[in-house]
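Here's query.txt, which has compact mmCIF, C-alpha atoms:
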```
# COMPACT_ATOMS: atom_id res chain seq x y z
CA MET B 11 -5.63 14.64 20.53
CA ARG B 12 -2.53 15.32 22.64
CA ASN B 13 -1.06 18.73 23.54
CA GLU B 14 -2.97 20.54 20.77
CA GLN B 15 -2.11 17.87 18.24
CA PHE B 16 -4.14 15.26 16.43
CA VAL B 17 -2.49 11.86 16.35
CA PHE B 18 -3.24 9.90 13.17
CA HIS B 19 -2.28 6.38 12.15
CA ALA B 20 -0.10 5.75 9.09
CA SER B 21 -0.80 2.14 8.14
CA SER B 22 1.52 -0.34 6.49
CA VAL B 23 0.71 -0.41 2.77
CA ASP B 24 0.31 -4.18 3.06
CA TYR B 25 -2.93 -3.54 4.97
CA MET B 26 -4.49 -0.90 2.72
CA ASN B 27 -7.66 -1.30 0.63
CA ASP B 28 -5.80 -1.51 -2.71
CA SER B 29 -4.51 -5.08 -2.99
CA ALA B 30 -1.95 -3.97 -5.59
CA GLU B 31 -0.62 -1.15 -3.40
CA TYR B 32 3.14 -0.80 -3.84
CA SER B 33 3.37 -4.22 -5.53
CA GLN B 34 4.12 -2.72 -8.95
CA ALA B 35 7.03 -0.76 -7.51
CA LEU B 36 8.41 -3.92 -5.92
CA LYS B 37 7.93 -5.93 -9.10
CA HIS B 38 9.58 -3.30 -11.28
CA CYS B 39 12.64 -2.96 -9.07
CA SER B 40 12.96 -6.68 -8.32
CA ASP B 41 13.68 -7.20 -12.02
CA PHE B 42 16.96 -5.41 -11.45
CA VAL B 43 17.78 -5.72 -7.74
CA ASP B 44 17.55 -8.51 -5.20
CA GLU B 45 14.43 -8.12 -3.01
CA LYS B 46 16.50 -8.59 0.16
CA LEU B 47 18.50 -5.50 -0.73
CA MET B 48 15.33 -3.46 -1.15
CA GLU B 49 14.20 -4.68 2.26
CA ILE B 50 17.47 -3.52 3.80
CA GLU B 51 17.46 -0.12 2.09
CA LEU B 52 13.80 0.82 2.54
CA GLY B 53 11.76 -1.83 4.29
CA THR B 54 7.98 -1.57 4.59
CA PRO B 55 6.37 1.77 3.70
CA PHE B 56 3.63 3.31 5.83
CA ALA B 57 1.08 5.73 4.39
CA PHE B 58 -1.16 8.44 5.83
CA CYS B 59 -3.61 9.56 3.12
CA PHE B 60 -5.56 12.70 2.27
CA SER B 61 -7.89 13.72 -0.56
CA GLU B 62 -8.58 16.89 -2.53
CA LYS B 63 -12.27 15.90 -2.42
CA SER B 64 -14.01 17.03 0.76
CA ASP B 65 -17.52 15.76 -0.03
CA SER B 66 -17.68 12.73 -2.32
CA VAL B 67 -20.23 9.89 -2.41
CA PRO B 68 -17.68 7.14 -3.27
CA MET B 69 -15.37 8.36 -0.50
CA TRP B 70 -18.13 8.50 2.12
CA ASN B 71 -19.23 4.99 1.14
CA MET B 72 -15.76 3.44 1.09
CA TYR B 73 -14.11 5.06 4.09
CA ALA B 74 -16.86 6.25 6.43
CA LYS B 75 -19.25 3.32 6.96
CA ASN B 76 -21.88 4.44 4.48
CA GLY B 77 -21.52 8.12 5.20
CA LYS B 78 -21.61 7.93 9.00
CA GLY B 79 -18.09 9.23 9.54
CA VAL B 80 -16.40 12.61 9.69
CA CYS B 81 -14.18 14.44 7.21
CA LEU B 82 -11.46 16.76 8.53
CA LYS B 83 -10.37 19.63 6.26
CA PHE B 84 -6.82 20.92 6.62
CA CYS B 85 -5.06 24.03 5.35
CA PHE B 86 -2.71 22.72 2.68
CA SER B 87 0.07 25.27 3.23
CA LYS B 88 0.14 24.67 6.99
CA LEU B 89 -0.01 20.92 6.53
CA LYS B 90 2.83 20.93 4.01
CA LYS B 91 4.97 23.08 6.30
CA HIS B 92 4.29 20.64 9.16
CA PHE B 93 5.35 17.64 7.08
CA ASP B 94 8.38 19.48 5.68
CA GLN B 95 9.58 19.79 9.26
CA LEU B 96 9.22 16.04 9.69
CA LYS B 97 11.06 15.47 6.45
CA GLU B 98 14.06 17.43 7.71
CA LYS B 99 14.75 14.59 10.14
CA ASP B 100 15.50 12.15 7.33
CA LYS B 101 14.98 13.33 3.75
CA ARG B 102 15.27 9.90 2.15
CA PHE B 103 12.46 8.22 4.01
CA ILE B 104 9.69 10.80 4.37
CA LYS B 105 7.74 12.21 1.44
CA PHE B 106 4.48 14.17 1.13
CA ASP B 107 3.20 14.33 -2.43
CA LYS B 108 0.25 13.94 -4.79
CA CYS B 109 -0.54 10.51 -6.21
CA GLY B 110 -0.56 9.82 -9.93
CA TYR B 111 -2.91 7.31 -11.56
CA ARG B 112 -2.07 4.94 -14.36
CA ASP B 113 -2.22 1.27 -15.19
CA TYR B 114 1.35 0.08 -15.00
CA ILE B 115 2.68 -1.12 -18.36
CA PRO B 116 6.41 -1.88 -18.57
CA LYS B 117 8.13 0.17 -21.27
CA GLU B 118 10.54 -1.36 -23.73
CA ASP B 119 13.08 1.32 -22.90
CA ASP B 120 13.03 0.69 -19.13
CA LYS B 121 16.62 0.71 -18.02
CA PRO B 122 18.15 -1.32 -15.17
CA LEU B 123 18.93 0.64 -12.04
CA CYS B 124 22.45 -0.71 -11.93
CA SER B 125 25.19 -1.62 -14.40
CA GLN B 126 25.84 -4.93 -12.64
CA PRO B 127 23.36 -6.89 -10.48
CA GLN B 128 25.87 -7.27 -7.67
CA HIS B 129 26.61 -3.52 -7.54
CA PRO B 130 23.26 -1.69 -7.66
CA ASN B 131 23.00 2.08 -7.65
CA ILE B 132 21.34 2.51 -4.26
CA THR B 133 20.54 6.18 -4.82
CA GLU B 134 18.64 5.37 -8.02
CA LEU B 135 16.93 2.42 -6.34
CA VAL B 136 15.61 4.55 -3.49
CA LYS B 137 14.53 7.28 -5.93
CA LYS B 138 12.62 4.80 -8.10
CA MET B 139 10.93 3.09 -5.16
CA THR B 140 9.81 6.36 -3.62
CA GLU B 141 8.44 7.62 -6.94
CA ASP B 142 6.51 4.41 -7.64
CA ALA B 143 4.99 4.49 -4.14
CA PHE B 144 2.84 7.40 -5.33
CA ILE B 145 1.43 5.64 -8.40
CA LYS B 146 -2.00 3.99 -8.10
CA PRO B 147 -4.27 2.21 -10.62
CA LYS B 148 -6.68 4.42 -12.59
CA CYS B 149 -9.68 2.85 -10.85
CA PHE B 150 -8.75 4.90 -7.75
CA SER B 151 -8.40 8.22 -9.60
CA HIS B 152 -11.64 9.59 -8.09
CA GLU B 153 -9.85 9.79 -4.72
CA LYS B 154 -7.56 12.67 -5.79
CA GLU B 155 -5.13 11.41 -3.18
CA TRP B 156 -2.18 13.01 -1.46
CA ARG B 157 -0.14 10.96 0.94
CA LEU B 158 2.60 11.09 3.50
CA MET B 159 4.92 8.10 3.13
CA VAL B 160 7.28 6.90 5.85
CA TRP B 161 9.57 3.95 5.24
CA GLN B 162 10.53 1.31 7.77
CA SER B 163 14.19 2.33 7.69
CA TRP B 164 13.16 5.60 9.34
CA ILE B 165 11.78 3.56 12.22
CA GLN B 166 14.86 1.37 12.48
CA ASN B 167 17.02 4.49 12.72
CA GLY B 168 15.24 5.36 15.95
CA LYS B 169 13.14 8.18 14.51
CA GLN B 170 9.81 6.54 15.21
CA LYS B 171 8.21 3.60 17.01
CA MET B 172 6.15 0.97 15.20
CA LEU B 173 2.89 0.10 16.95
CA PHE B 174 0.21 -2.55 16.37
CA LYS B 175 -3.58 -2.60 16.50
CA GLU B 176 -6.32 -5.14 15.93
CA ARG B 177 -8.33 -4.47 12.77
CA GLN B 178 -10.82 -6.86 11.21
CA ASP B 179 -9.30 -9.88 12.96
CA GLU B 180 -5.78 -8.92 11.84
CA LEU B 181 -2.80 -7.41 13.63
CA CYS B 182 -2.06 -4.20 11.70
CA PRO B 183 1.27 -2.34 12.11
CA TYR B 184 1.09 1.46 12.10
CA LEU B 185 2.95 4.65 13.01
CA GLU B 186 1.62 7.61 14.98
CA ILE B 187 1.73 10.82 12.93
CA PRO B 188 1.18 14.09 14.84
CA VAL B 189 -0.61 16.96 13.11
CA ALA B 190 -0.96 20.35 14.80
CA VAL B 191 -4.55 21.43 15.48
CA GLU B 192 -3.79 24.81 13.89
CA CYS B 193 -3.71 23.02 10.51
CA LEU B 194 -7.42 22.22 10.84
CA GLU B 195 -9.83 24.33 8.75
CA GLY B 196 -13.13 22.49 8.90
CA ILE B 197 -15.13 19.49 10.09
CA ILE B 198 -17.76 17.87 7.86
CA LEU B 199 -20.20 15.30 9.22
CA GLY B 200 -21.09 12.59 6.73
CA PRO B 201 -24.44 12.42 4.93
CA GLY B 202 -25.39 9.38 7.01
CA ALA B 203 -24.87 11.15 10.35
CA SER B 204 -27.48 10.38 13.02
CA GLU B 205 -29.55 13.07 14.75
CA GLN B 206 -27.37 12.64 17.83
CA MET B 207 -24.23 13.16 15.75
CA ILE B 208 -25.68 16.27 14.15
CA GLU B 209 -26.58 17.58 17.60
CA ALA B 210 -22.96 17.05 18.60
CA THR B 211 -21.92 19.67 16.04
CA LYS B 212 -22.81 22.26 18.70
CA LEU B 213 -20.08 20.84 20.90
CA LEU B 214 -17.65 20.77 18.00
CA ARG B 215 -18.37 24.41 17.23
CA SER B 216 -17.82 25.37 20.86
CA GLN B 217 -14.50 23.50 20.83
CA TYR B 218 -13.10 24.64 17.49
CA GLY B 219 -15.34 27.38 16.08
CA GLY B 220 -13.55 30.16 17.93
CA ASN B 221 -10.36 29.20 16.09
CA GLY B 222 -11.94 29.76 12.67
CA VAL B 223 -12.81 26.10 12.11
CA SER B 224 -16.08 25.56 10.25
CA VAL B 225 -18.40 22.74 11.37
CA GLU B 226 -21.05 21.53 8.94
CA VAL B 227 -23.04 18.56 7.72
CA SER B 228 -22.55 17.19 4.20
CA ASP B 229 -24.99 18.45 1.57
CA ILE B 230 -25.04 15.04 -0.12
CA THR B 231 -28.30 13.12 0.09
CA LEU B 232 -27.19 9.55 0.68
CA LYS B 233 -29.64 6.78 1.54
CA VAL B 234 -28.22 4.50 4.23
```

Once you've parsed the file, please lay out its structure as structure tokens.
Amino acid sequence: MRNEQFVFHASSVDYMNDSAEYSQALKHCSDFVDEKLMEIELGTPFAFCFSEKSDSVPMWNMYAKNGKGVCLKFCFSKLKKHFDQLKEKDKRFIKFDKCGYRDYIPKEDDKPLCSQPQHPNITELVKKMTEDAFIKPKCFSHEKEWRLMVWQSWIQNGKQKMLFKERQDELCPYLEIPVAVECLEGIILGPGASEQMIEATKLLRSQYGGNGVSVEVSDITLKV
């Protein structure tokens, strides 16, 4: 946390848990436009993800080391306002929206994004790519995901700096995303929290409780 802000990591979609992440969007658009052009116009997308579910067994298991992590609850209206301010810097390459879930099936009436392959409609290309970035397979529908997407072109324009971290023996590129502490509404300790972690809730309450932030332990009974 820096200057009353949390600093989160938006990871490259190439390093996310869904192996098909963004690949359908690339495949769909590459049928009409050269992949090199897509790379020039958008580049690699980075995602910072949220969920409408604050206390979910599958989520605790998948993202919090068998329920030993922490869930941060944010005020949606404050969070959206915060990201809208980021978006004002470059409207094409920043988007905060809810994910849709479907198994991608090409439609017979899909239309090319350009009248001639050598003269693509860049505006339509960018629109299609950004829309498809928020579509995930149905098997992830339990996540009820919202996400902030930032494209590599935003970085190249000098708006942000790409950083790297070691994760599971890989070098993972990411962006730092600041979120104001005033957006925070609650802190939930996972169902697998240790006695020491639960004891630490007293410190969390002393730090944030006076600002109307609730601190609690998950009600889920999860054997770890």

Go through B:Phe93, B:Tyr111, B:Phe58, B:Phe86 and flag the residue nearest Met159 in chain B, using only C-alpha atoms for the distances.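 Nearest candidate to Met159 in chain B out of B:Phe93, B:Tyr111, B:Phe58, B:Phe86: B:Phe58.
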
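Picture a line from CA of Met207 in chain B to CA of Glu176 in chain B; it runs 25.6 Å.
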
Closest of B:Glu180, B:Asp107, B:Glu98, B:Asp142 to Asp24 in chain B, counting all atoms listed in the file, is B:Glu180

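Each of B:Gly79, B:Arg157, B:Lys137, B:Thr231 was compared to Ser21 in chain B using all atoms listed in the file, and B:Arg157 turns out to be the nearest.
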
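Using all atoms listed in the file for every distance, the candidate list B:Val80, B:Ala143, B:Lys154, B:Cys149 yields B:Lys154 as the residue closest to Ser61 in chain B.
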
From the options B:Asp179, B:Pro147, B:Lys99, B:Lys78, which residue's atoms come nearest to Gln206 in chain B, counting only C-alpha atoms?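 Answer, going by the shortest atom-to-atom distance: B:Lys78.
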
Find the nearest atom pair between each residue of range 91-112 of chain B and range 186-192 of chain B for residues within 12 Å, count all atoms listed in the file, give distances in Å to one decimal, sort rows by chain and ascending number, and present the table as a Markdown table.
```
| residue | atom | partner | partner_atom | distance |
| --- | --- | --- | --- | --- |
| B:Lys91 | CA | B:Ala190 | CA | 10.7 |
| B:His92 | CA | B:Val189 | CA | 7.3 |
| B:Phe93 | CA | B:Val189 | CA | 8.5 |
| B:Asp94 | CA | B:Val189 | CA | 11.9 |
| B:Gln95 | CA | B:Val189 | CA | 11.3 |
| B:Leu96 | CA | B:Ile187 | CA | 9.7 |
| B:Ile104 | CA | B:Ile187 | CA | 11.7 |
```

For Phe56 in chain B, list every protein, DNA or RNA residue within 8 Å, evaluated using all atoms listed in the file, and leave out those in the same chain fewer than 6 positions away; present the list as JSON, numbers by chain. {"B": [20, 21, 22, 23, 159, 160, 161, 162, 184, 185]}

Which value, in Å to one decimal, gives the distance between CA of Ala74 in chain B and CA of Met26 in chain B?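 CA of Met26 in chain B lies at a distance of 14.8 Å from CA of Ala74 in chain B.
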
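Across the model, the gap from CA of His152 in chain B to CA of Ile197 in chain B is 21.0 Å.
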
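When only C-alpha atoms are used to compute distances to Gly110 in chain B, the closest of the residues B:Phe150, B:Phe174, B:Tyr25, B:Phe60 turns out to be B:Phe150.
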
Kindly add all heavy atoms to the incomplete range 202-213 of chain B and provide the output as a PDB file, keeping the file's coordinate frame.
```
ATOM      1  N   GLY B 202     -24.651  10.391   6.256  1.00  0.00           N
ATOM      2  CA  GLY B 202     -25.390   9.380   7.010  1.00  0.00           C
ATOM      3  C   GLY B 202     -25.378   9.632   8.505  1.00  0.00           C
ATOM      4  O   GLY B 202     -25.742   8.753   9.289  1.00  0.00           O
ATOM      5  N   ALA B 203     -24.976  10.833   8.919  1.00  0.00           N
ATOM      6  CA  ALA B 203     -24.870  11.150  10.350  1.00  0.00           C
ATOM      7  C   ALA B 203     -26.238  11.053  11.030  1.00  0.00           C
ATOM      8  O   ALA B 203     -27.264  11.474  10.487  1.00  0.00           O
ATOM      9  CB  ALA B 203     -24.300  12.557  10.519  1.00  0.00           C
ATOM     10  N   SER B 204     -26.246  10.508  12.236  1.00  0.00           N
ATOM     11  CA  SER B 204     -27.480  10.380  13.020  1.00  0.00           C
ATOM     12  C   SER B 204     -27.871  11.735  13.604  1.00  0.00           C
ATOM     13  O   SER B 204     -27.079  12.692  13.608  1.00  0.00           O
ATOM     14  CB  SER B 204     -27.277   9.382  14.156  1.00  0.00           C
ATOM     15  OG  SER B 204     -26.311   9.885  15.075  1.00  0.00           O
ATOM     16  N   GLU B 205     -29.090  11.825  14.118  1.00  0.00           N
ATOM     17  CA  GLU B 205     -29.550  13.070  14.750  1.00  0.00           C
ATOM     18  C   GLU B 205     -28.668  13.411  15.942  1.00  0.00           C
ATOM     19  O   GLU B 205     -28.364  14.584  16.191  1.00  0.00           O
ATOM     20  CB  GLU B 205     -31.008  12.925  15.191  1.00  0.00           C
ATOM     21  CG  GLU B 205     -32.000  12.855  14.040  1.00  0.00           C
ATOM     22  CD  GLU B 205     -31.985  14.120  13.202  1.00  0.00           C
ATOM     23  OE1 GLU B 205     -31.796  15.216  13.776  1.00  0.00           O
ATOM     24  OE2 GLU B 205     -32.159  14.022  11.967  1.00  0.00           O
ATOM     25  N   GLN B 206     -28.244  12.400  16.683  1.00  0.00           N
ATOM     26  CA  GLN B 206     -27.370  12.640  17.830  1.00  0.00           C
ATOM     27  C   GLN B 206     -26.028  13.209  17.383  1.00  0.00           C
ATOM     28  O   GLN B 206     -25.470  14.105  18.023  1.00  0.00           O
ATOM     29  CB  GLN B 206     -27.149  11.348  18.613  1.00  0.00           C
ATOM     30  CG  GLN B 206     -28.349  10.925  19.465  1.00  0.00           C
ATOM     31  CD  GLN B 206     -28.048   9.677  20.267  1.00  0.00           C
ATOM     32  OE1 GLN B 206     -27.402   8.751  19.777  1.00  0.00           O
ATOM     33  NE2 GLN B 206     -28.510   9.642  21.497  1.00  0.00           N
ATOM     34  N   MET B 207     -25.505  12.675  16.269  1.00  0.00           N
ATOM     35  CA  MET B 207     -24.230  13.160  15.750  1.00  0.00           C
ATOM     36  C   MET B 207     -24.350  14.602  15.281  1.00  0.00           C
ATOM     37  O   MET B 207     -23.467  15.429  15.524  1.00  0.00           O
ATOM     38  CB  MET B 207     -23.768  12.264  14.604  1.00  0.00           C
ATOM     39  CG  MET B 207     -22.349  12.538  14.125  1.00  0.00           C
ATOM     40  SD  MET B 207     -21.128  12.159  15.390  1.00  0.00           S
ATOM     41  CE  MET B 207     -19.618  12.363  14.436  1.00  0.00           C
ATOM     42  N   ILE B 208     -25.462  14.904  14.616  1.00  0.00           N
ATOM     43  CA  ILE B 208     -25.680  16.270  14.150  1.00  0.00           C
ATOM     44  C   ILE B 208     -25.798  17.223  15.341  1.00  0.00           C
ATOM     45  O   ILE B 208     -25.278  18.341  15.311  1.00  0.00           O
ATOM     46  CB  ILE B 208     -26.939  16.343  13.261  1.00  0.00           C
ATOM     47  CG1 ILE B 208     -26.710  15.547  11.959  1.00  0.00           C
ATOM     48  CG2 ILE B 208     -27.304  17.783  12.953  1.00  0.00           C
ATOM     49  CD1 ILE B 208     -27.930  15.430  11.091  1.00  0.00           C
ATOM     50  N   GLU B 209     -26.453  16.769  16.386  1.00  0.00           N
ATOM     51  CA  GLU B 209     -26.580  17.580  17.600  1.00  0.00           C
ATOM     52  C   GLU B 209     -25.207  17.858  18.209  1.00  0.00           C
ATOM     53  O   GLU B 209     -24.967  18.929  18.787  1.00  0.00           O
ATOM     54  CB  GLU B 209     -27.473  16.845  18.613  1.00  0.00           C
ATOM     55  CG  GLU B 209     -27.756  17.615  19.886  1.00  0.00           C
ATOM     56  CD  GLU B 209     -28.620  18.848  19.665  1.00  0.00           C
ATOM     57  OE1 GLU B 209     -29.288  18.948  18.626  1.00  0.00           O
ATOM     58  OE2 GLU B 209     -28.607  19.733  20.562  1.00  0.00           O
ATOM     59  N   ALA B 210     -24.305  16.897  18.038  1.00  0.00           N
ATOM     60  CA  ALA B 210     -22.960  17.050  18.600  1.00  0.00           C
ATOM     61  C   ALA B 210     -22.152  18.131  17.894  1.00  0.00           C
ATOM     62  O   ALA B 210     -21.113  18.563  18.412  1.00  0.00           O
ATOM     63  CB  ALA B 210     -22.204  15.717  18.511  1.00  0.00           C
ATOM     64  N   THR B 211     -22.631  18.607  16.728  1.00  0.00           N
ATOM     65  CA  THR B 211     -21.920  19.670  16.040  1.00  0.00           C
ATOM     66  C   THR B 211     -21.856  20.940  16.901  1.00  0.00           C
ATOM     67  O   THR B 211     -20.932  21.751  16.772  1.00  0.00           O
ATOM     68  CB  THR B 211     -22.568  20.024  14.692  1.00  0.00           C
ATOM     69  OG1 THR B 211     -23.929  20.419  14.903  1.00  0.00           O
ATOM     70  CG2 THR B 211     -22.522  18.844  13.746  1.00  0.00           C
ATOM     71  N   LYS B 212     -22.830  21.104  17.799  1.00  0.00           N
ATOM     72  CA  LYS B 212     -22.810  22.260  18.700  1.00  0.00           C
ATOM     73  C   LYS B 212     -21.583  22.207  19.596  1.00  0.00           C
ATOM     74  O   LYS B 212     -20.941  23.229  19.869  1.00  0.00           O
ATOM     75  CB  LYS B 212     -24.087  22.288  19.541  1.00  0.00           C
ATOM     76  CG  LYS B 212     -25.367  22.491  18.733  1.00  0.00           C
ATOM     77  CD  LYS B 212     -26.584  22.455  19.635  1.00  0.00           C
ATOM     78  CE  LYS B 212     -27.874  22.615  18.825  1.00  0.00           C
ATOM     79  NZ  LYS B 212     -29.071  22.544  19.698  1.00  0.00           N
ATOM     80  N   LEU B 213     -21.253  21.009  20.058  1.00  0.00           N
ATOM     81  CA  LEU B 213     -20.080  20.840  20.900  1.00  0.00           C
ATOM     82  C   LEU B 213     -18.803  21.054  20.101  1.00  0.00           C
ATOM     83  O   LEU B 213     -17.837  21.635  20.592  1.00  0.00           O
ATOM     84  CB  LEU B 213     -20.075  19.443  21.536  1.00  0.00           C
ATOM     85  CG  LEU B 213     -21.255  19.112  22.445  1.00  0.00           C
ATOM     86  CD1 LEU B 213     -21.166  17.669  22.943  1.00  0.00           C
ATOM     87  CD2 LEU B 213     -21.279  20.074  23.635  1.00  0.00           C
TER      88      LEU B 213
END
```
